[in-house]
Amino acid sequence: MEESLFQWAVFRSLLAILQWWAFNVTVIITNKWIFQKLDFKFPLTVSCIHFICSSIGAYLVIKVLKLKPLIVVDPEDRWRRIFPMSFVFCINIVLGNVSLRYIPVSFMQTIKSFTPATTVVLQWLVWRKYFDWRIWASLVPIVGGILLTSVTELSFNMLGFCAALFGCLATSTKTILAESLLHGYKFDSINTVYYMAPFATMILGIPALLLEGNGVMEWLQTHPTLGSSLVIIFTSGVLAFCLNFSIFYVIHSTTAVTFNVAGNLKVAVAVLISWLIFRNPIAGMNAVGCAVTLIGCTFYGYVRHKLSQQPPPPGTPRTPRTPKNRMELLPLVNDKLDDKV
């Protein structure tokens with residue numbers, strides 16, 4: 001009986017990881033296809049479509065199908081806490097799509113792996129948070145790998161590089177802000193999208209219209225295969241929401257260590273598949289830099305997990321902010337989501 005339960009748990013974890021990989025890689029490849037093959041070079045509009053589809057999807061899952069319970073947020077907190085988080089969330093998604101518009105998937109995904117380093121540095125600089133020396137040591141291969149990848153990238157584009165780099169900062173800022181803005185609320189990925197995607201749509205709608213409206217109208221009038229192209233564009237929005245649902249499933253089916261390793265392997269899968277489809281040139285040292293970065297991310301996740309299992313040594317400086325009441329002791333978001341969503 002125990003053996004069959006163990007086998008089912010392993011099968012469930014494997015299935016969860018595979019569907020997460022499938023949705024994640026498909027969203028990345030589809031977005032790159034939209035920018036490169038369909039010549040729809042409007043990252044703000046693509047991001048806005050994703051937010052609209054995610055808003056509708058989250059509403060259906062929570063309100064209509066009732067697959068997830070709604071986490072109730074006070075109306076005042078929606079503007080005071082959720083709105084600032086939505087602004088950073090919006091910037092994060094837009095920068096990701098802008099980088100995908102200008103640089104290859106392999107380069108974009110490698111730079112995105114820089115997020116653990118930016119998170120640690122921001123928390124140390126701004127919040128004066130203490131980190132064990134092993135955490136700092138684990139960041140060395142990440143930084144070294146990204147430097148090697150950037151120097152040897154054959155399709156380097158400064159705008160795409162900066163967008164990906166600032167996207168890491170936005171992801172880190174979102175993670176850090178959650179600790180202060182969302183204390184008392186235990187959000188999962190579906191409720192996060194339910195509250196933030198409508199705000200993100202509202203924030204991005206006008207800039208997308210002003211900056212890309214004329215270009216989109218011209219594309220609609222001149223594109224030769226309009227029907228099928230629109231299907232692909234809106235399908236990418238549906239897949240973007242399904243990715244959030246798949247993240248929720250994989251988190252509840254795997255351990256923190258498995259999630260970390262699977263996340264880094266997912267990057268390798270995305271890089272390989274994108275190369276097979278788009279055939280962007282990759283130098284040998286560029287591939288080495290990507291591999292070093294992914295190994296460094298895996299090592300960082302392992303060190304972080306091991307340290308979380310140990311009590312802090314006597315005299316370790318505390319994080320400046322401490323919970324003020326019992327409600328603040330509740331976890332904000334699942335710790336396995338910190339560097340992934």
# chains A, B, ... in the order shown; residues from 1 in each chain; ligands from 1
$ residues_around --residues "A:Lys32" --least-positions-apart "5" --cutoff "8 Å" --atoms "only C-alpha atoms" --output "MDAnalysis selection string"
chainID A and resid 37 100:101 105
$ write_last_selection --atoms "C-alpha atoms" --output "PDB file, in the first residue's frame"
ATOM      1  CA  LYS A  37       7.561  35.167 -37.543  1.00  0.00           C
ATOM      2  CA  LEU A 100      12.005  38.566 -26.096  1.00  0.00           C
ATOM      3  CA  ARG A 101      11.280  40.957 -28.940  1.00  0.00           C
ATOM      4  CA  VAL A 105      15.202  32.967 -26.109  1.00  0.00           C
TER       5      VAL A 105
END
$ residues_around --residues "stretch 203-206 of chain A" --least-positions-apart "3" --cutoff "9 Å" --atoms "only C-alpha atoms" --output "PDB file with all heavy atoms, in the first residue's frame"
ATOM      1  N   LEU A  44       4.002  45.685 -25.794  1.00  0.00           N
ATOM      2  CA  LEU A  44       3.019  46.215 -24.850  1.00  0.00           C
ATOM      3  C   LEU A  44       1.633  45.642 -25.133  1.00  0.00           C
ATOM      4  O   LEU A  44       0.891  45.276 -24.212  1.00  0.00           O
ATOM      5  CB  LEU A  44       2.971  47.747 -24.926  1.00  0.00           C
ATOM      6  CG  LEU A  44       4.241  48.518 -24.573  1.00  0.00           C
ATOM      7  CD1 LEU A  44       3.974  50.019 -24.580  1.00  0.00           C
ATOM      8  CD2 LEU A  44       4.782  48.096 -23.228  1.00  0.00           C
ATOM      9  N   THR A  45       1.283  45.559 -26.404  1.00  0.00           N
ATOM     10  CA  THR A  45      -0.022  45.014 -26.784  1.00  0.00           C
ATOM     11  C   THR A  45      -0.109  43.530 -26.452  1.00  0.00           C
ATOM     12  O   THR A  45      -1.146  43.056 -25.948  1.00  0.00           O
ATOM     13  CB  THR A  45      -0.262  45.224 -28.293  1.00  0.00           C
ATOM     14  OG1 THR A  45      -0.155  46.619 -28.600  1.00  0.00           O
ATOM     15  CG2 THR A  45      -1.649  44.729 -28.698  1.00  0.00           C
ATOM     16  N   SER A  47       1.490  41.980 -24.086  1.00  0.00           N
ATOM     17  CA  SER A  47       1.379  41.907 -22.625  1.00  0.00           C
ATOM     18  C   SER A  47      -0.038  42.232 -22.178  1.00  0.00           C
ATOM     19  O   SER A  47      -0.586  41.576 -21.276  1.00  0.00           O
ATOM     20  CB  SER A  47       2.360  42.873 -21.959  1.00  0.00           C
ATOM     21  OG  SER A  47       3.695  42.591 -22.334  1.00  0.00           O
ATOM     22  N   CYS A  48      -0.644  43.241 -22.800  1.00  0.00           N
ATOM     23  CA  CYS A  48      -2.011  43.633 -22.453  1.00  0.00           C
ATOM     24  C   CYS A  48      -2.998  42.504 -22.763  1.00  0.00           C
ATOM     25  O   CYS A  48      -3.920  42.240 -21.974  1.00  0.00           O
ATOM     26  CB  CYS A  48      -2.391  44.901 -23.227  1.00  0.00           C
ATOM     27  SG  CYS A  48      -3.617  45.918 -22.396  1.00  0.00           S
ATOM     28  N   SER A  86       0.763  45.331  -8.424  1.00  0.00           N
ATOM     29  CA  SER A  86       0.336  45.131  -9.809  1.00  0.00           C
ATOM     30  C   SER A  86       1.184  45.965 -10.765  1.00  0.00           C
ATOM     31  O   SER A  86       1.481  45.538 -11.888  1.00  0.00           O
ATOM     32  CB  SER A  86      -1.139  45.511  -9.973  1.00  0.00           C
ATOM     33  OG  SER A  86      -1.955  44.758  -9.114  1.00  0.00           O
ATOM     34  N   PHE A  87       1.578  47.150 -10.317  1.00  0.00           N
ATOM     35  CA  PHE A  87       2.419  48.014 -11.139  1.00  0.00           C
ATOM     36  C   PHE A  87       3.770  47.346 -11.413  1.00  0.00           C
ATOM     37  O   PHE A  87       4.235  47.308 -12.560  1.00  0.00           O
ATOM     38  CB  PHE A  87       2.616  49.360 -10.441  1.00  0.00           C
ATOM     39  CG  PHE A  87       3.360  50.364 -11.259  1.00  0.00           C
ATOM     40  CD1 PHE A  87       2.728  51.058 -12.284  1.00  0.00           C
ATOM     41  CD2 PHE A  87       4.708  50.613 -11.021  1.00  0.00           C
ATOM     42  CE1 PHE A  87       3.424  51.982 -13.058  1.00  0.00           C
ATOM     43  CE2 PHE A  87       5.413  51.535 -11.784  1.00  0.00           C
ATOM     44  CZ  PHE A  87       4.762  52.221 -12.802  1.00  0.00           C
ATOM     45  N   CYS A  90       3.240  44.350 -13.659  1.00  0.00           N
ATOM     46  CA  CYS A  90       3.061  44.788 -15.043  1.00  0.00           C
ATOM     47  C   CYS A  90       4.409  45.084 -15.693  1.00  0.00           C
ATOM     48  O   CYS A  90       4.690  44.641 -16.813  1.00  0.00           O
ATOM     49  CB  CYS A  90       2.164  46.018 -15.067  1.00  0.00           C
ATOM     50  SG  CYS A  90       1.927  46.742 -16.702  1.00  0.00           S
ATOM     51  N   ILE A  91       5.256  45.830 -15.005  1.00  0.00           N
ATOM     52  CA  ILE A  91       6.584  46.169 -15.533  1.00  0.00           C
ATOM     53  C   ILE A  91       7.399  44.904 -15.800  1.00  0.00           C
ATOM     54  O   ILE A  91       8.077  44.778 -16.823  1.00  0.00           O
ATOM     55  CB  ILE A  91       7.328  47.091 -14.554  1.00  0.00           C
ATOM     56  CG1 ILE A  91       6.649  48.456 -14.497  1.00  0.00           C
ATOM     57  CG2 ILE A  91       8.797  47.242 -14.946  1.00  0.00           C
ATOM     58  CD1 ILE A  91       7.232  49.393 -13.482  1.00  0.00           C
ATOM     59  N   VAL A  94       6.064  43.157 -18.984  1.00  0.00           N
ATOM     60  CA  VAL A  94       6.362  43.963 -20.175  1.00  0.00           C
ATOM     61  C   VAL A  94       7.844  43.878 -20.526  1.00  0.00           C
ATOM     62  O   VAL A  94       8.203  43.681 -21.694  1.00  0.00           O
ATOM     63  CB  VAL A  94       5.944  45.428 -19.946  1.00  0.00           C
ATOM     64  CG1 VAL A  94       6.502  46.321 -21.058  1.00  0.00           C
ATOM     65  CG2 VAL A  94       4.431  45.545 -19.902  1.00  0.00           C
ATOM     66  N   PRO A 198      -6.226  42.495 -13.570  1.00  0.00           N
ATOM     67  CA  PRO A 198      -7.081  43.645 -13.957  1.00  0.00           C
ATOM     68  C   PRO A 198      -6.392  44.986 -13.745  1.00  0.00           C
ATOM     69  O   PRO A 198      -6.502  45.886 -14.595  1.00  0.00           O
ATOM     70  CB  PRO A 198      -8.302  43.488 -13.032  1.00  0.00           C
ATOM     71  CG  PRO A 198      -8.339  42.034 -12.687  1.00  0.00           C
ATOM     72  CD  PRO A 198      -6.905  41.628 -12.596  1.00  0.00           C
ATOM     73  N   PHE A 199      -5.691  45.144 -12.624  1.00  0.00           N
ATOM     74  CA  PHE A 199      -4.945  46.377 -12.400  1.00  0.00           C
ATOM     75  C   PHE A 199      -3.870  46.560 -13.469  1.00  0.00           C
ATOM     76  O   PHE A 199      -3.664  47.672 -13.981  1.00  0.00           O
ATOM     77  CB  PHE A 199      -4.293  46.359 -11.014  1.00  0.00           C
ATOM     78  CG  PHE A 199      -5.193  46.811  -9.901  1.00  0.00           C
ATOM     79  CD1 PHE A 199      -5.267  46.111  -8.712  1.00  0.00           C
ATOM     80  CD2 PHE A 199      -5.978  47.945 -10.039  1.00  0.00           C
ATOM     81  CE1 PHE A 199      -6.090  46.523  -7.679  1.00  0.00           C
ATOM     82  CE2 PHE A 199      -6.810  48.371  -9.011  1.00  0.00           C
ATOM     83  CZ  PHE A 199      -6.864  47.667  -7.829  1.00  0.00           C
ATOM     84  N   ALA A 200      -3.165  45.478 -13.793  1.00  0.00           N
ATOM     85  CA  ALA A 200      -2.104  45.553 -14.808  1.00  0.00           C
ATOM     86  C   ALA A 200      -2.676  45.947 -16.168  1.00  0.00           C
ATOM     87  O   ALA A 200      -2.053  46.717 -16.913  1.00  0.00           O
ATOM     88  CB  ALA A 200      -1.378  44.209 -14.897  1.00  0.00           C
ATOM     89  N   LEU A 209      -1.978  51.717 -26.121  1.00  0.00           N
ATOM     90  CA  LEU A 209      -2.763  52.377 -27.170  1.00  0.00           C
ATOM     91  C   LEU A 209      -2.012  53.555 -27.768  1.00  0.00           C
ATOM     92  O   LEU A 209      -1.986  53.740 -28.991  1.00  0.00           O
ATOM     93  CB  LEU A 209      -4.106  52.844 -26.581  1.00  0.00           C
ATOM     94  CG  LEU A 209      -5.128  53.421 -27.563  1.00  0.00           C
ATOM     95  CD1 LEU A 209      -5.552  52.357 -28.572  1.00  0.00           C
ATOM     96  CD2 LEU A 209      -6.343  53.966 -26.812  1.00  0.00           C
ATOM     97  N   LEU A 210      -1.393  54.361 -26.929  1.00  0.00           N
ATOM     98  CA  LEU A 210      -0.694  55.556 -27.404  1.00  0.00           C
ATOM     99  C   LEU A 210       0.583  55.224 -28.165  1.00  0.00           C
ATOM    100  O   LEU A 210       0.889  55.835 -29.193  1.00  0.00           O
ATOM    101  CB  LEU A 210      -0.365  56.474 -26.220  1.00  0.00           C
ATOM    102  CG  LEU A 210      -1.558  57.119 -25.497  1.00  0.00           C
ATOM    103  CD1 LEU A 210      -1.085  57.918 -24.296  1.00  0.00           C
ATOM    104  CD2 LEU A 210      -2.354  58.007 -26.457  1.00  0.00           C
ATOM    105  N   LEU A 211       1.343  54.253 -27.654  1.00  0.00           N
ATOM    106  CA  LEU A 211       2.657  53.956 -28.234  1.00  0.00           C
ATOM    107  C   LEU A 211       2.594  52.973 -29.397  1.00  0.00           C
ATOM    108  O   LEU A 211       3.436  53.030 -30.308  1.00  0.00           O
ATOM    109  CB  LEU A 211       3.591  53.412 -27.147  1.00  0.00           C
ATOM    110  CG  LEU A 211       3.926  54.371 -25.993  1.00  0.00           C
ATOM    111  CD1 LEU A 211       4.754  53.652 -24.930  1.00  0.00           C
ATOM    112  CD2 LEU A 211       4.674  55.593 -26.513  1.00  0.00           C
TER     113      LEU A 211
END
$ closest_residue --among "A:Pro84, A:Leu294, A:Ile29, A:Gln7" --to "A:Leu276" --atoms "only C-alpha atoms"
A:Ile29
$ residues_around --residues "stretch 255-259 of chain A" --least-positions-apart "2" --cutoff "7 Å" --atoms "only C-alpha atoms" --output "PyMOL selection string"
chain A and resi 261-263+302+336
$ write_last_selection --atoms "N, CA and C atoms" --output "CSV table (one decimal), in the first residue's frame"
chain,number,residue,atom,x,y,z
A,261,VAL,N,15.2,22.4,-8.9
A,261,VAL,CA,15.9,21.7,-10.0
A,261,VAL,C,15.1,21.7,-11.3
A,262,ALA,N,13.8,21.4,-11.2
A,262,ALA,CA,13.0,21.4,-12.3
A,262,ALA,C,12.9,22.7,-13.0
A,263,GLY,N,12.9,23.8,-12.2
A,263,GLY,CA,12.9,25.2,-12.8
A,263,GLY,C,14.1,25.4,-13.7
A,302,TYR,N,19.9,24.9,-3.7
A,302,TYR,CA,20.3,23.9,-2.7
A,302,TYR,C,20.8,24.5,-1.4
A,336,LYS,N,8.3,28.6,-2.5
A,336,LYS,CA,8.8,28.1,-3.7
A,336,LYS,C,8.5,28.9,-4.9
$ select_by_dssp --residues "stretch 161-331 of chain A" --states "alpha helix (DSSP H)" --output "number ranges by chain"
A: 161-181, 189-222, 226-251, 256-278, 284-308
$ closest_residue --among "A:Met158, A:Leu70, A:Ile34, A:Ile176" --to "A:Val120" --atoms "only C-alpha atoms"
A:Ile176
$ closest_atom_pairs --of "stretch 186-301 of chain A" --to "stretch 139-156 of chain A" --cutoff "8 Å" --atoms "only C-alpha atoms" --output "tab-separated table"
residue	atom	partner	partner_atom	distance
A:Asn280	CA	A:Ser155	CA	7.8
A:Pro281	CA	A:Leu154	CA	6.6
A:Ile282	CA	A:Leu154	CA	6.7
A:Ala283	CA	A:Thr152	CA	6.8
A:Met285	CA	A:Thr152	CA	6.5
A:Asn286	CA	A:Thr149	CA	4.6
A:Ala287	CA	A:Thr149	CA	7.3
A:Val288	CA	A:Gly145	CA	7.7
A:Gly289	CA	A:Gly145	CA	4.2
A:Cys290	CA	A:Gly145	CA	6.1
A:Ala291	CA	A:Gly145	CA	7.4
A:Val292	CA	A:Gly145	CA	5.0
A:Thr293	CA	A:Ile142	CA	4.4
A:Leu294	CA	A:Ile142	CA	7.2
A:Ile295	CA	A:Pro141	CA	7.6
A:Gly296	CA	A:Ile142	CA	4.9
A:Cys297	CA	A:Ile142	CA	6.3
A:Tyr300	CA	A:Leu139	CA	6.6
$ atom_distance --atom1 "atom CA of A:Thr171" --atom2 "atom CA of A:Ser113"
10.9 Å
$ closest_residue --among "A:Gln36, A:Ser4, A:Thr115, A:Ser228" --to "A:Phe166" --atoms "only C-alpha atoms"
A:Thr115
$ closest_residue --among "A:Tyr102, A:Ile247, A:Phe89, A:Ile135" --to "A:Ser172" --atoms "only C-alpha atoms"
A:Phe89
$ closest_residue --among "A:Ile233, A:Leu182, A:Ile277, A:Ile56" --to "A:Pro43" --atoms "only C-alpha atoms"
A:Ile233
$ residues_around --residues "A:Ser246" --least-positions-apart "2" --cutoff "8 Å" --atoms "only C-alpha atoms" --output "PyMOL selection string"
chain A and resi 16+19-20+23+242-244+248-250
$ write_last_selection --atoms "all heavy atoms" --output "PDB file, in the first residue's frame"
ATOM      1  N   ALA A  16       3.136  16.800 -13.009  1.00  0.00           N
ATOM      2  CA  ALA A  16       3.037  18.239 -12.722  1.00  0.00           C
ATOM      3  C   ALA A  16       4.195  19.000 -13.355  1.00  0.00           C
ATOM      4  O   ALA A  16       4.004  20.072 -13.950  1.00  0.00           O
ATOM      5  CB  ALA A  16       3.007  18.462 -11.210  1.00  0.00           C
ATOM      6  N   GLN A  19       3.798  19.117 -17.292  1.00  0.00           N
ATOM      7  CA  GLN A  19       2.799  20.069 -17.796  1.00  0.00           C
ATOM      8  C   GLN A  19       3.245  21.506 -17.561  1.00  0.00           C
ATOM      9  O   GLN A  19       2.970  22.398 -18.359  1.00  0.00           O
ATOM     10  CB  GLN A  19       1.425  19.787 -17.172  1.00  0.00           C
ATOM     11  CG  GLN A  19       1.346  19.814 -15.658  1.00  0.00           C
ATOM     12  CD  GLN A  19       1.090  21.202 -15.096  1.00  0.00           C
ATOM     13  OE1 GLN A  19       0.421  21.998 -15.724  1.00  0.00           O
ATOM     14  NE2 GLN A  19       1.628  21.487 -13.921  1.00  0.00           N
ATOM     15  N   TRP A  20       3.981  21.745 -16.470  1.00  0.00           N
ATOM     16  CA  TRP A  20       4.531  23.079 -16.215  1.00  0.00           C
ATOM     17  C   TRP A  20       5.554  23.441 -17.282  1.00  0.00           C
ATOM     18  O   TRP A  20       5.534  24.548 -17.835  1.00  0.00           O
ATOM     19  CB  TRP A  20       5.154  23.096 -14.822  1.00  0.00           C
ATOM     20  CG  TRP A  20       5.853  24.366 -14.447  1.00  0.00           C
ATOM     21  CD1 TRP A  20       5.422  25.642 -14.668  1.00  0.00           C
ATOM     22  CD2 TRP A  20       7.118  24.466 -13.781  1.00  0.00           C
ATOM     23  NE1 TRP A  20       6.346  26.539 -14.161  1.00  0.00           N
ATOM     24  CE2 TRP A  20       7.379  25.848 -13.618  1.00  0.00           C
ATOM     25  CE3 TRP A  20       8.027  23.533 -13.279  1.00  0.00           C
ATOM     26  CZ2 TRP A  20       8.537  26.307 -12.978  1.00  0.00           C
ATOM     27  CZ3 TRP A  20       9.170  23.990 -12.648  1.00  0.00           C
ATOM     28  CH2 TRP A  20       9.412  25.368 -12.506  1.00  0.00           C
ATOM     29  N   PHE A  23       3.679  24.202 -20.682  1.00  0.00           N
ATOM     30  CA  PHE A  23       3.049  25.517 -20.761  1.00  0.00           C
ATOM     31  C   PHE A  23       4.096  26.631 -20.800  1.00  0.00           C
ATOM     32  O   PHE A  23       3.973  27.583 -21.574  1.00  0.00           O
ATOM     33  CB  PHE A  23       2.100  25.729 -19.577  1.00  0.00           C
ATOM     34  CG  PHE A  23       0.764  25.065 -19.741  1.00  0.00           C
ATOM     35  CD1 PHE A  23       0.336  24.094 -18.845  1.00  0.00           C
ATOM     36  CD2 PHE A  23      -0.073  25.408 -20.794  1.00  0.00           C
ATOM     37  CE1 PHE A  23      -0.888  23.477 -19.006  1.00  0.00           C
ATOM     38  CE2 PHE A  23      -1.309  24.793 -20.957  1.00  0.00           C
ATOM     39  CZ  PHE A  23      -1.715  23.823 -20.061  1.00  0.00           C
ATOM     40  N   CYS A 242      -2.895  29.704 -18.404  1.00  0.00           N
ATOM     41  CA  CYS A 242      -2.740  28.275 -18.072  1.00  0.00           C
ATOM     42  C   CYS A 242      -1.406  28.027 -17.380  1.00  0.00           C
ATOM     43  O   CYS A 242      -1.298  27.138 -16.527  1.00  0.00           O
ATOM     44  CB  CYS A 242      -2.837  27.433 -19.341  1.00  0.00           C
ATOM     45  SG  CYS A 242      -4.482  27.396 -20.079  1.00  0.00           S
ATOM     46  N   LEU A 243      -0.384  28.825 -17.734  1.00  0.00           N
ATOM     47  CA  LEU A 243       0.918  28.693 -17.081  1.00  0.00           C
ATOM     48  C   LEU A 243       0.797  28.986 -15.588  1.00  0.00           C
ATOM     49  O   LEU A 243       1.380  28.274 -14.767  1.00  0.00           O
ATOM     50  CB  LEU A 243       1.921  29.647 -17.734  1.00  0.00           C
ATOM     51  CG  LEU A 243       3.297  29.748 -17.070  1.00  0.00           C
ATOM     52  CD1 LEU A 243       3.983  28.388 -17.032  1.00  0.00           C
ATOM     53  CD2 LEU A 243       4.167  30.761 -17.796  1.00  0.00           C
ATOM     54  N   ASN A 244       0.035  30.005 -15.212  1.00  0.00           N
ATOM     55  CA  ASN A 244      -0.171  30.308 -13.798  1.00  0.00           C
ATOM     56  C   ASN A 244      -0.881  29.167 -13.082  1.00  0.00           C
ATOM     57  O   ASN A 244      -0.556  28.833 -11.945  1.00  0.00           O
ATOM     58  CB  ASN A 244      -0.979  31.601 -13.647  1.00  0.00           C
ATOM     59  CG  ASN A 244      -0.168  32.828 -13.934  1.00  0.00           C
ATOM     60  OD1 ASN A 244       0.625  33.276 -13.115  1.00  0.00           O
ATOM     61  ND2 ASN A 244      -0.339  33.380 -15.122  1.00  0.00           N
ATOM     62  N   PHE A 248       0.582  26.636  -9.967  1.00  0.00           N
ATOM     63  CA  PHE A 248      -0.154  26.272  -8.749  1.00  0.00           C
ATOM     64  C   PHE A 248      -0.137  24.756  -8.543  1.00  0.00           C
ATOM     65  O   PHE A 248       0.062  24.261  -7.437  1.00  0.00           O
ATOM     66  CB  PHE A 248      -1.597  26.785  -8.847  1.00  0.00           C
ATOM     67  CG  PHE A 248      -2.538  26.178  -7.853  1.00  0.00           C
ATOM     68  CD1 PHE A 248      -2.510  26.573  -6.519  1.00  0.00           C
ATOM     69  CD2 PHE A 248      -3.450  25.204  -8.234  1.00  0.00           C
ATOM     70  CE1 PHE A 248      -3.370  26.007  -5.592  1.00  0.00           C
ATOM     71  CE2 PHE A 248      -4.314  24.638  -7.318  1.00  0.00           C
ATOM     72  CZ  PHE A 248      -4.274  25.048  -6.000  1.00  0.00           C
ATOM     73  N   TYR A 249      -0.329  24.002  -9.622  1.00  0.00           N
ATOM     74  CA  TYR A 249      -0.378  22.538  -9.534  1.00  0.00           C
ATOM     75  C   TYR A 249       0.985  21.959  -9.174  1.00  0.00           C
ATOM     76  O   TYR A 249       1.104  21.083  -8.310  1.00  0.00           O
ATOM     77  CB  TYR A 249      -0.874  21.974 -10.865  1.00  0.00           C
ATOM     78  CG  TYR A 249      -0.949  20.465 -10.932  1.00  0.00           C
ATOM     79  CD1 TYR A 249      -1.504  19.725  -9.884  1.00  0.00           C
ATOM     80  CD2 TYR A 249      -0.472  19.774 -12.037  1.00  0.00           C
ATOM     81  CE1 TYR A 249      -1.572  18.344  -9.948  1.00  0.00           C
ATOM     82  CE2 TYR A 249      -0.540  18.394 -12.107  1.00  0.00           C
ATOM     83  CZ  TYR A 249      -1.091  17.686 -11.056  1.00  0.00           C
ATOM     84  OH  TYR A 249      -1.150  16.315 -11.121  1.00  0.00           O
ATOM     85  N   VAL A 250       2.045  22.461  -9.811  1.00  0.00           N
ATOM     86  CA  VAL A 250       3.370  21.886  -9.577  1.00  0.00           C
ATOM     87  C   VAL A 250       3.867  22.201  -8.170  1.00  0.00           C
ATOM     88  O   VAL A 250       4.567  21.397  -7.539  1.00  0.00           O
ATOM     89  CB  VAL A 250       4.369  22.381 -10.649  1.00  0.00           C
ATOM     90  CG1 VAL A 250       4.823  23.804 -10.391  1.00  0.00           C
ATOM     91  CG2 VAL A 250       5.588  21.467 -10.717  1.00  0.00           C
TER      92      VAL A 250
END
$ atom_distance --atom1 "atom CA of A:Asp77" --atom2 "atom CA of A:Leu181"
8.9 Å
$ decode --residues "stretch 152-164 of chain A" --atoms "N, CA, C and O atoms" --output "short mmCIF file (atom, residue, chain, number, x, y, z; two decimals), in the first residue's frame"
data_model
loop_
_atom_site.label_atom_id
_atom_site.label_comp_id
_atom_site.auth_asym_id
_atom_site.auth_seq_id
_atom_site.Cartn_x
_atom_site.Cartn_y
_atom_site.Cartn_z
N THR A 152 29.86 36.67 -25.07
CA THR A 152 29.97 35.79 -26.24
C THR A 152 28.68 35.67 -27.04
O THR A 152 28.63 34.89 -27.99
N GLU A 153 27.63 36.42 -26.67
CA GLU A 153 26.35 36.34 -27.39
C GLU A 153 26.49 36.91 -28.80
O GLU A 153 26.87 38.08 -28.99
N LEU A 154 26.17 36.09 -29.80
CA LEU A 154 26.32 36.49 -31.20
C LEU A 154 25.19 37.40 -31.66
O LEU A 154 25.35 38.15 -32.63
N SER A 155 24.04 37.33 -31.00
CA SER A 155 22.88 38.16 -31.39
C SER A 155 22.60 39.21 -30.31
O SER A 155 21.45 39.50 -30.00
N PHE A 156 23.66 39.78 -29.77
CA PHE A 156 23.51 40.73 -28.67
C PHE A 156 22.79 41.99 -29.13
O PHE A 156 23.07 42.54 -30.19
N ASN A 157 21.83 42.44 -28.31
CA ASN A 157 21.12 43.69 -28.55
C ASN A 157 21.01 44.42 -27.22
O ASN A 157 20.49 43.86 -26.24
N MET A 158 21.48 45.65 -27.16
CA MET A 158 21.55 46.37 -25.89
C MET A 158 20.18 46.61 -25.28
O MET A 158 19.98 46.49 -24.07
N LEU A 159 19.18 46.96 -26.11
CA LEU A 159 17.84 47.21 -25.60
C LEU A 159 17.24 45.94 -25.00
O LEU A 159 16.68 45.95 -23.91
N GLY A 160 17.39 44.82 -25.72
CA GLY A 160 16.87 43.56 -25.21
C GLY A 160 17.60 43.11 -23.96
O GLY A 160 16.98 42.60 -23.01
N PHE A 161 18.93 43.32 -23.93
CA PHE A 161 19.72 42.97 -22.75
C PHE A 161 19.28 43.78 -21.54
O PHE A 161 19.09 43.24 -20.44
N CYS A 162 19.14 45.09 -21.71
CA CYS A 162 18.74 45.95 -20.60
C CYS A 162 17.33 45.62 -20.12
O CYS A 162 17.06 45.63 -18.91
N ALA A 163 16.43 45.32 -21.06
CA ALA A 163 15.06 44.96 -20.68
C ALA A 163 15.05 43.69 -19.84
O ALA A 163 14.34 43.60 -18.82
N ALA A 164 15.85 42.69 -20.24
CA ALA A 164 15.91 41.44 -19.48
C ALA A 164 16.53 41.67 -18.11
O ALA A 164 16.07 41.11 -17.09
#
